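So this block is data-v1.txt, compact mmCIF, N, CA and C atoms:
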```txt
# COMPACT_ATOMS: atom_id res chain seq x y z
N MET A 1 -11.31 -10.80 -11.35
CA MET A 1 -12.13 -11.10 -10.20
C MET A 1 -13.45 -10.34 -10.33
N PRO A 2 -14.54 -10.98 -10.15
CA PRO A 2 -15.84 -10.32 -10.33
C PRO A 2 -16.20 -9.35 -9.20
N ASN A 3 -15.52 -9.45 -8.06
CA ASN A 3 -15.91 -8.61 -6.93
C ASN A 3 -14.85 -7.59 -6.55
N ILE A 4 -13.99 -7.23 -7.48
CA ILE A 4 -12.95 -6.25 -7.18
C ILE A 4 -13.34 -4.91 -7.81
N LEU A 5 -13.03 -3.84 -7.11
CA LEU A 5 -13.39 -2.51 -7.57
C LEU A 5 -12.20 -1.59 -7.34
N PHE A 6 -11.80 -0.89 -8.37
CA PHE A 6 -10.72 0.10 -8.27
C PHE A 6 -11.34 1.48 -8.38
N ILE A 7 -10.96 2.35 -7.47
CA ILE A 7 -11.49 3.71 -7.43
C ILE A 7 -10.32 4.68 -7.45
N GLN A 8 -10.45 5.72 -8.24
CA GLN A 8 -9.46 6.80 -8.19
C GLN A 8 -10.17 8.00 -7.58
N ALA A 9 -9.85 8.26 -6.31
CA ALA A 9 -10.49 9.36 -5.59
C ALA A 9 -9.61 9.71 -4.40
N ALA A 10 -9.76 10.91 -3.93
CA ALA A 10 -9.05 11.32 -2.71
C ALA A 10 -9.64 10.55 -1.54
N VAL A 11 -8.80 10.01 -0.70
CA VAL A 11 -9.27 9.17 0.40
C VAL A 11 -10.13 9.97 1.38
N GLU A 12 -9.92 11.27 1.46
CA GLU A 12 -10.70 12.11 2.37
C GLU A 12 -12.16 12.23 1.93
N VAL A 13 -12.41 12.05 0.64
CA VAL A 13 -13.77 12.26 0.10
C VAL A 13 -14.20 11.07 -0.76
N LEU A 14 -14.07 9.89 -0.23
CA LEU A 14 -14.51 8.71 -0.96
C LEU A 14 -16.02 8.74 -1.15
N PRO A 15 -16.51 8.27 -2.28
CA PRO A 15 -17.96 8.32 -2.54
C PRO A 15 -18.76 7.57 -1.48
N SER A 16 -19.91 8.12 -1.11
CA SER A 16 -20.75 7.50 -0.09
C SER A 16 -21.28 6.13 -0.53
N GLU A 17 -21.29 5.87 -1.84
CA GLU A 17 -21.71 4.57 -2.34
C GLU A 17 -20.80 3.44 -1.84
N LEU A 18 -19.61 3.80 -1.37
CA LEU A 18 -18.67 2.80 -0.87
C LEU A 18 -18.83 2.51 0.62
N ASP A 19 -19.71 3.23 1.30
CA ASP A 19 -19.86 3.05 2.74
C ASP A 19 -20.15 1.59 3.08
N GLY A 20 -19.28 1.02 3.90
CA GLY A 20 -19.48 -0.32 4.42
C GLY A 20 -19.31 -1.47 3.45
N VAL A 21 -18.74 -1.23 2.27
CA VAL A 21 -18.65 -2.31 1.27
C VAL A 21 -17.32 -3.06 1.27
N ALA A 22 -16.27 -2.50 1.82
CA ALA A 22 -14.94 -3.12 1.71
C ALA A 22 -14.73 -4.18 2.79
N ASP A 23 -14.35 -5.37 2.34
CA ASP A 23 -13.96 -6.42 3.28
C ASP A 23 -12.46 -6.36 3.56
N GLU A 24 -11.71 -5.77 2.62
CA GLU A 24 -10.27 -5.59 2.77
C GLU A 24 -9.86 -4.29 2.10
N VAL A 25 -8.89 -3.62 2.72
CA VAL A 25 -8.29 -2.43 2.13
C VAL A 25 -6.79 -2.61 2.24
N HIS A 26 -6.09 -2.48 1.12
CA HIS A 26 -4.64 -2.62 1.10
C HIS A 26 -4.02 -1.31 0.64
N ILE A 27 -3.14 -0.76 1.45
CA ILE A 27 -2.41 0.45 1.09
C ILE A 27 -0.93 0.08 1.16
N HIS A 28 -0.36 -0.20 0.00
CA HIS A 28 1.03 -0.63 -0.07
C HIS A 28 1.88 0.48 -0.67
N PHE A 29 2.91 0.86 0.03
CA PHE A 29 3.88 1.86 -0.43
C PHE A 29 3.23 3.18 -0.85
N PRO A 30 2.42 3.76 0.05
CA PRO A 30 1.80 5.04 -0.30
C PRO A 30 2.86 6.13 -0.43
N TRP A 31 2.48 7.20 -1.11
CA TRP A 31 3.39 8.32 -1.31
C TRP A 31 2.57 9.59 -1.18
N GLY A 32 3.22 10.71 -0.99
CA GLY A 32 2.55 12.00 -0.94
C GLY A 32 1.58 12.10 0.23
N SER A 33 0.43 12.71 -0.03
CA SER A 33 -0.52 12.98 1.05
C SER A 33 -1.08 11.70 1.69
N LEU A 34 -1.21 10.62 0.91
CA LEU A 34 -1.69 9.37 1.50
C LEU A 34 -0.64 8.80 2.46
N LEU A 35 0.62 8.89 2.11
CA LEU A 35 1.69 8.46 3.01
C LEU A 35 1.62 9.26 4.30
N ARG A 36 1.53 10.57 4.18
CA ARG A 36 1.46 11.42 5.39
C ARG A 36 0.27 11.00 6.25
N ALA A 37 -0.87 10.77 5.62
CA ALA A 37 -2.09 10.46 6.37
C ALA A 37 -1.98 9.15 7.15
N VAL A 38 -1.51 8.09 6.49
CA VAL A 38 -1.46 6.79 7.18
C VAL A 38 -0.27 6.69 8.12
N ALA A 39 0.81 7.44 7.84
CA ALA A 39 2.01 7.39 8.69
C ALA A 39 1.91 8.31 9.90
N THR A 40 0.93 9.20 9.91
CA THR A 40 0.74 10.08 11.06
C THR A 40 -0.58 9.78 11.78
N GLY A 41 -1.41 8.94 11.17
CA GLY A 41 -2.70 8.62 11.78
C GLY A 41 -3.69 9.76 11.67
N ASN A 42 -3.75 10.40 10.50
CA ASN A 42 -4.66 11.52 10.26
C ASN A 42 -6.11 11.07 10.49
N GLU A 43 -6.79 11.73 11.42
CA GLU A 43 -8.13 11.33 11.83
C GLU A 43 -9.14 11.38 10.67
N THR A 44 -9.10 12.40 9.86
CA THR A 44 -10.04 12.52 8.75
C THR A 44 -9.90 11.35 7.78
N VAL A 45 -8.67 11.03 7.43
CA VAL A 45 -8.42 9.94 6.49
C VAL A 45 -8.79 8.60 7.12
N LEU A 46 -8.39 8.38 8.37
CA LEU A 46 -8.70 7.11 9.01
C LEU A 46 -10.20 6.90 9.16
N ARG A 47 -10.93 7.95 9.47
CA ARG A 47 -12.39 7.82 9.59
C ARG A 47 -13.03 7.57 8.22
N SER A 48 -12.46 8.15 7.18
CA SER A 48 -12.94 7.89 5.82
C SER A 48 -12.70 6.43 5.44
N LEU A 49 -11.51 5.92 5.77
CA LEU A 49 -11.23 4.51 5.53
C LEU A 49 -12.18 3.62 6.32
N ARG A 50 -12.42 3.97 7.57
CA ARG A 50 -13.32 3.17 8.40
C ARG A 50 -14.74 3.18 7.83
N ARG A 51 -15.15 4.31 7.29
CA ARG A 51 -16.49 4.45 6.74
C ARG A 51 -16.75 3.48 5.59
N ILE A 52 -15.75 3.21 4.78
CA ILE A 52 -15.96 2.30 3.64
C ILE A 52 -15.80 0.83 4.04
N CYS A 53 -15.31 0.58 5.24
CA CYS A 53 -15.08 -0.80 5.68
C CYS A 53 -16.34 -1.41 6.29
N ALA A 54 -16.59 -2.66 5.91
CA ALA A 54 -17.61 -3.44 6.59
C ALA A 54 -17.08 -3.79 7.98
N LEU A 55 -17.97 -4.09 8.89
CA LEU A 55 -17.55 -4.52 10.22
C LEU A 55 -16.66 -5.75 10.08
N GLY A 56 -15.49 -5.72 10.69
CA GLY A 56 -14.56 -6.84 10.61
C GLY A 56 -13.60 -6.78 9.43
N ALA A 57 -13.73 -5.78 8.58
CA ALA A 57 -12.84 -5.65 7.42
C ALA A 57 -11.40 -5.47 7.88
N LEU A 58 -10.48 -6.00 7.08
CA LEU A 58 -9.06 -5.87 7.38
C LEU A 58 -8.45 -4.75 6.56
N VAL A 59 -7.59 -3.97 7.20
CA VAL A 59 -6.85 -2.91 6.55
C VAL A 59 -5.37 -3.24 6.73
N GLU A 60 -4.65 -3.31 5.61
CA GLU A 60 -3.22 -3.61 5.64
C GLU A 60 -2.47 -2.43 5.04
N ILE A 61 -1.54 -1.90 5.82
CA ILE A 61 -0.74 -0.77 5.37
C ILE A 61 0.73 -1.17 5.43
N ILE A 62 1.43 -0.95 4.32
CA ILE A 62 2.87 -1.24 4.26
C ILE A 62 3.56 0.03 3.77
N ILE A 63 4.52 0.48 4.56
CA ILE A 63 5.24 1.71 4.25
C ILE A 63 6.72 1.38 4.13
N GLY A 64 7.35 1.81 3.06
CA GLY A 64 8.77 1.59 2.87
C GLY A 64 9.49 2.91 2.66
N LEU A 65 10.34 3.27 3.61
CA LEU A 65 11.07 4.54 3.52
C LEU A 65 12.56 4.31 3.73
N ASP A 66 13.35 5.08 3.00
CA ASP A 66 14.80 5.11 3.17
C ASP A 66 15.12 6.50 3.69
N PRO A 67 15.60 6.63 4.94
CA PRO A 67 15.85 7.94 5.52
C PRO A 67 16.77 8.84 4.70
N LYS A 68 17.69 8.25 3.93
CA LYS A 68 18.60 9.06 3.10
C LYS A 68 17.97 9.38 1.75
N ARG A 69 17.59 8.35 1.03
CA ARG A 69 17.05 8.56 -0.33
C ARG A 69 15.73 9.32 -0.33
N ASP A 70 14.93 9.12 0.69
CA ASP A 70 13.60 9.74 0.75
C ASP A 70 13.57 10.95 1.67
N GLN A 71 14.73 11.47 2.04
CA GLN A 71 14.82 12.55 3.02
C GLN A 71 13.97 13.77 2.64
N SER A 72 14.03 14.20 1.39
CA SER A 72 13.27 15.40 1.02
C SER A 72 11.76 15.17 1.15
N GLU A 73 11.29 13.99 0.78
CA GLU A 73 9.86 13.68 0.92
C GLU A 73 9.47 13.57 2.38
N ILE A 74 10.31 12.94 3.19
CA ILE A 74 10.04 12.80 4.62
C ILE A 74 9.94 14.18 5.27
N GLU A 75 10.87 15.06 4.92
CA GLU A 75 10.84 16.42 5.47
C GLU A 75 9.64 17.21 4.97
N ALA A 76 9.35 17.11 3.67
CA ALA A 76 8.21 17.84 3.09
C ALA A 76 6.90 17.42 3.72
N LEU A 77 6.78 16.14 4.07
CA LEU A 77 5.54 15.63 4.66
C LEU A 77 5.53 15.75 6.18
N GLY A 78 6.67 16.14 6.78
CA GLY A 78 6.75 16.28 8.23
C GLY A 78 6.62 14.96 8.97
N LEU A 79 7.19 13.91 8.41
CA LEU A 79 7.08 12.58 9.02
C LEU A 79 8.12 12.38 10.10
N LYS A 80 7.72 11.68 11.13
CA LYS A 80 8.62 11.27 12.19
C LYS A 80 9.15 9.88 11.83
N PRO A 81 10.29 9.47 12.40
CA PRO A 81 10.79 8.11 12.14
C PRO A 81 9.75 7.07 12.56
N LEU A 82 9.54 6.10 11.70
CA LEU A 82 8.52 5.08 11.95
C LEU A 82 9.11 3.92 12.76
N THR A 83 9.35 4.21 14.02
CA THR A 83 9.92 3.23 14.93
C THR A 83 8.80 2.41 15.58
N ASN A 84 9.18 1.31 16.22
CA ASN A 84 8.19 0.52 16.95
C ASN A 84 7.54 1.35 18.06
N GLU A 85 8.33 2.21 18.70
CA GLU A 85 7.79 3.07 19.75
C GLU A 85 6.75 4.03 19.18
N PHE A 86 7.04 4.62 18.02
CA PHE A 86 6.08 5.52 17.37
C PHE A 86 4.81 4.77 17.00
N LEU A 87 4.97 3.57 16.46
CA LEU A 87 3.80 2.75 16.12
C LEU A 87 2.93 2.54 17.36
N GLU A 88 3.55 2.11 18.44
CA GLU A 88 2.83 1.77 19.66
C GLU A 88 2.20 2.98 20.34
N ARG A 89 2.98 4.04 20.49
CA ARG A 89 2.50 5.20 21.27
C ARG A 89 1.65 6.19 20.49
N THR A 90 1.86 6.26 19.18
CA THR A 90 1.16 7.28 18.40
C THR A 90 0.16 6.67 17.43
N LEU A 91 0.62 5.79 16.56
CA LEU A 91 -0.27 5.29 15.51
C LEU A 91 -1.37 4.38 16.04
N VAL A 92 -1.04 3.43 16.89
CA VAL A 92 -2.06 2.51 17.39
C VAL A 92 -3.21 3.27 18.05
N PRO A 93 -2.96 4.22 18.97
CA PRO A 93 -4.07 4.95 19.58
C PRO A 93 -4.90 5.73 18.55
N ARG A 94 -4.26 6.29 17.54
CA ARG A 94 -4.99 7.07 16.53
C ARG A 94 -5.86 6.16 15.66
N TYR A 95 -5.33 5.00 15.29
CA TYR A 95 -6.13 4.05 14.50
C TYR A 95 -7.30 3.55 15.34
N GLU A 96 -7.04 3.25 16.59
CA GLU A 96 -8.10 2.73 17.45
C GLU A 96 -9.17 3.78 17.72
N ALA A 97 -8.79 5.05 17.85
CA ALA A 97 -9.76 6.13 18.04
C ALA A 97 -10.63 6.34 16.79
N SER A 98 -10.16 5.84 15.65
CA SER A 98 -10.89 6.01 14.39
C SER A 98 -11.72 4.78 14.03
N GLY A 99 -11.81 3.81 14.92
CA GLY A 99 -12.68 2.67 14.68
C GLY A 99 -12.00 1.40 14.23
N PHE A 100 -10.70 1.30 14.46
CA PHE A 100 -9.96 0.10 14.09
C PHE A 100 -9.34 -0.54 15.33
N GLU A 101 -9.21 -1.84 15.30
CA GLU A 101 -8.42 -2.56 16.29
C GLU A 101 -7.15 -3.01 15.59
N VAL A 102 -6.00 -2.59 16.10
CA VAL A 102 -4.74 -2.97 15.48
C VAL A 102 -4.41 -4.40 15.91
N LEU A 103 -4.31 -5.29 14.92
CA LEU A 103 -4.06 -6.70 15.17
C LEU A 103 -2.57 -7.03 15.14
N GLU A 104 -1.85 -6.40 14.22
CA GLU A 104 -0.41 -6.64 14.06
C GLU A 104 0.25 -5.35 13.64
N LYS A 105 1.54 -5.23 13.99
CA LYS A 105 2.33 -4.08 13.56
C LYS A 105 3.79 -4.43 13.72
N GLY A 106 4.64 -3.75 13.00
CA GLY A 106 6.06 -3.98 13.16
C GLY A 106 6.81 -3.78 11.88
N GLY A 107 8.03 -4.28 11.86
CA GLY A 107 8.87 -4.16 10.69
C GLY A 107 8.87 -5.44 9.88
N LEU A 108 9.18 -5.30 8.61
CA LEU A 108 9.31 -6.46 7.73
C LEU A 108 10.77 -6.60 7.33
N ALA A 109 11.35 -7.73 7.59
CA ALA A 109 12.73 -8.00 7.20
C ALA A 109 12.82 -8.11 5.68
N PRO A 110 13.94 -7.72 5.09
CA PRO A 110 14.10 -7.83 3.63
C PRO A 110 13.79 -9.23 3.08
N SER A 111 14.02 -10.25 3.86
CA SER A 111 13.72 -11.61 3.41
C SER A 111 12.21 -11.84 3.23
N GLU A 112 11.39 -11.00 3.86
CA GLU A 112 9.94 -11.12 3.76
C GLU A 112 9.36 -10.33 2.59
N TRP A 113 10.11 -9.40 2.03
CA TRP A 113 9.59 -8.52 0.98
C TRP A 113 9.09 -9.27 -0.25
N PRO A 114 9.77 -10.34 -0.69
CA PRO A 114 9.26 -11.05 -1.88
C PRO A 114 7.84 -11.58 -1.71
N LYS A 115 7.42 -11.83 -0.48
CA LYS A 115 6.06 -12.32 -0.23
C LYS A 115 5.00 -11.27 -0.56
N LEU A 116 5.41 -10.01 -0.67
CA LEU A 116 4.45 -8.94 -0.97
C LEU A 116 3.96 -9.01 -2.41
N ARG A 117 4.74 -9.61 -3.29
CA ARG A 117 4.38 -9.83 -4.69
C ARG A 117 3.96 -8.55 -5.42
N THR A 118 4.67 -7.49 -5.18
CA THR A 118 4.43 -6.27 -5.95
C THR A 118 5.71 -5.90 -6.67
N SER A 119 5.57 -5.25 -7.80
CA SER A 119 6.75 -4.82 -8.54
C SER A 119 7.54 -3.80 -7.73
N TRP A 120 6.86 -2.99 -6.95
CA TRP A 120 7.55 -1.98 -6.15
C TRP A 120 8.36 -2.65 -5.04
N ALA A 121 7.82 -3.66 -4.39
CA ALA A 121 8.58 -4.38 -3.35
C ALA A 121 9.81 -5.02 -3.95
N LYS A 122 9.67 -5.56 -5.15
CA LYS A 122 10.80 -6.19 -5.83
C LYS A 122 11.88 -5.15 -6.13
N ARG A 123 11.47 -3.96 -6.56
CA ARG A 123 12.41 -2.88 -6.86
C ARG A 123 13.17 -2.42 -5.62
N LEU A 124 12.47 -2.36 -4.51
CA LEU A 124 13.05 -1.84 -3.27
C LEU A 124 13.96 -2.83 -2.57
N GLN A 125 13.88 -4.07 -2.96
CA GLN A 125 14.60 -5.14 -2.27
C GLN A 125 16.09 -4.88 -2.11
N GLY A 126 16.72 -4.23 -3.05
CA GLY A 126 18.16 -3.99 -2.96
C GLY A 126 18.54 -2.81 -2.09
N GLY A 127 17.57 -2.01 -1.66
CA GLY A 127 17.87 -0.82 -0.87
C GLY A 127 18.27 -1.15 0.55
N GLU A 128 19.56 -1.00 0.84
CA GLU A 128 20.07 -1.37 2.16
C GLU A 128 19.52 -0.51 3.29
N GLY A 129 19.29 0.78 3.03
CA GLY A 129 18.84 1.66 4.10
C GLY A 129 17.34 1.69 4.28
N ARG A 130 16.62 1.07 3.37
CA ARG A 130 15.17 1.14 3.40
C ARG A 130 14.61 0.16 4.43
N SER A 131 13.62 0.64 5.15
CA SER A 131 12.93 -0.24 6.09
C SER A 131 11.45 -0.27 5.72
N LEU A 132 10.85 -1.40 5.98
CA LEU A 132 9.42 -1.56 5.74
C LEU A 132 8.74 -1.78 7.08
N ILE A 133 7.68 -1.03 7.29
CA ILE A 133 6.84 -1.27 8.46
C ILE A 133 5.45 -1.62 7.96
N TYR A 134 4.73 -2.34 8.78
CA TYR A 134 3.37 -2.71 8.40
C TYR A 134 2.45 -2.56 9.60
N LEU A 135 1.19 -2.43 9.28
CA LEU A 135 0.16 -2.34 10.29
C LEU A 135 -1.06 -3.06 9.71
N ILE A 136 -1.63 -3.96 10.47
CA ILE A 136 -2.86 -4.64 10.06
C ILE A 136 -3.89 -4.35 11.13
N ALA A 137 -5.01 -3.81 10.69
CA ALA A 137 -6.07 -3.43 11.61
C ALA A 137 -7.39 -4.02 11.12
N GLN A 138 -8.33 -4.10 12.05
CA GLN A 138 -9.65 -4.62 11.72
C GLN A 138 -10.70 -3.60 12.12
N ALA A 139 -11.65 -3.37 11.23
CA ALA A 139 -12.73 -2.42 11.50
C ALA A 139 -13.62 -2.99 12.60
N ARG A 140 -13.84 -2.20 13.62
CA ARG A 140 -14.69 -2.63 14.72
C ARG A 140 -15.91 -1.71 14.80
N GLU A 141 -16.81 -2.06 15.69
CA GLU A 141 -18.01 -1.26 15.88
C GLU A 141 -17.60 0.15 16.28
N VAL A 142 -18.18 1.15 15.63
CA VAL A 142 -17.83 2.54 15.92
C VAL A 142 -18.71 3.03 17.05
N GLN A 143 -18.06 3.56 18.09
CA GLN A 143 -18.76 4.11 19.23
C GLN A 143 -19.27 5.51 18.90
N SER A 144 -20.52 5.79 19.21
CA SER A 144 -21.10 7.11 18.93
C SER A 144 -20.82 8.08 20.03
```
Rewritten as structure tokens:
Amino acid sequence: MPNILFIQAAVEVLPSELDGVADEVHIHFPWGSLLRAVATGNETVLRSLRRICALGALVEIIIGLDPKRDQSEIEALGLKPLTNEFLERTLVPRYEASGFEVLEKGGLAPSEWPKLRTSWAKRLQGGEGRSLIYLIAQAREVQS
């Protein structure tokens, strides 16, 4: 694709050359500090993501965790269970305070995972305890 760009950089310090250029941002199955940031609604990271988004850009986040298999990572990152209540009461307000309007959110049934078309989604498909949650947001005008 002539208009695709891959960057390897910490999300907190994305290059200023990217300001306002992204029409779409996809974060699928993050791990480590990026997982913590998007799953807790870290303001610094969300504002950095918003900074690179053009007005109206879509941001899609898909998180897949297994409370048993991923227990040590969940504890190390200090993550809370990603329930619908947590999405509604905690994440949505944090994303909206950072310049996004949350359009959709919720869980993905295992029957929907093949539509993701990633090798990681295919690998996770057999995990009975694993749940996938998603959030789709749109960059809106930032209030000063």
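With only C-alpha atoms as the basis for measurement, A:Tyr95 is the residue among A:Phe6, A:Phe86, A:Tyr134, A:Tyr95 that approaches A:Ala37 most closely.
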Pick out the residues sitting within 8 Å of stretch 14-22 of chain A, and hand them over as a PyMOL selection string; count only N, CA and C atoms, and ignore anything fewer than 6 positions along from it in its own chain.
chain A and resi 8+48-58
List every protein, DNA or RNA residue that has an atom no more than 5 Å from (-15.1, 1.6, 19.2) in the file's coordinate frame, counting all atoms listed in the file, and report them as a VMD selection string.
chain A and resid 141 to 143
Using only N, CA and C atoms, which of A:Lys105, A:Ser33, A:Ser131, A:Asn42 sits nearest A:Leu87?
A:Lys105
Name the residues of chain A that come out as strand (DSSP E) in a backbone DSSP run; write them as a PyMOL selection string.
chain A and resi 22-28+53-65+100-108+131-139
How many Å lie between atom C of A:Ile27 and atom CA of A:Ile63, rounded to one decimal?
7.1 Å
Could you work out how far atom N of A:Arg94 lies from atom N of A:Lys68, giving the answer in Å with one decimal?
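Answer for the atom N of A:Lys68 to atom N of A:Arg94 separation: 25.9 Å.
The gap separating atom C of A:Asn3 from atom C of A:Ala97 is 27.5 Å, in Å to one decimal.
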Close residues, A:Pro67 itself excluded, 8 Å, all atoms listed in the file, min 5 positions apart in chain, as a PDB file with N, CA and C atoms, keeping the file's coordinate frame:
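Produced file part.pdb, reproduced below:
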```pdb
ATOM      1  N   SER A  72      14.030  14.200   1.390  1.00  0.00           N
ATOM      2  CA  SER A  72      13.270  15.400   1.020  1.00  0.00           C
ATOM      3  C   SER A  72      11.760  15.170   1.150  1.00  0.00           C
ATOM      4  N   ILE A  74      10.310  12.940   3.190  1.00  0.00           N
ATOM      5  CA  ILE A  74      10.040  12.800   4.620  1.00  0.00           C
ATOM      6  C   ILE A  74       9.940  14.180   5.270  1.00  0.00           C
ATOM      7  N   GLY A 129      19.290   0.780   3.030  1.00  0.00           N
ATOM      8  CA  GLY A 129      18.840   1.660   4.100  1.00  0.00           C
ATOM      9  C   GLY A 129      17.340   1.690   4.280  1.00  0.00           C
ATOM     10  N   ARG A 130      16.620   1.070   3.370  1.00  0.00           N
ATOM     11  CA  ARG A 130      15.170   1.140   3.400  1.00  0.00           C
ATOM     12  C   ARG A 130      14.610   0.160   4.430  1.00  0.00           C
ATOM     13  N   SER A 131      13.620   0.640   5.150  1.00  0.00           N
ATOM     14  CA  SER A 131      12.930  -0.240   6.090  1.00  0.00           C
ATOM     15  C   SER A 131      11.450  -0.270   5.720  1.00  0.00           C
TER      16      SER A 131
END
```
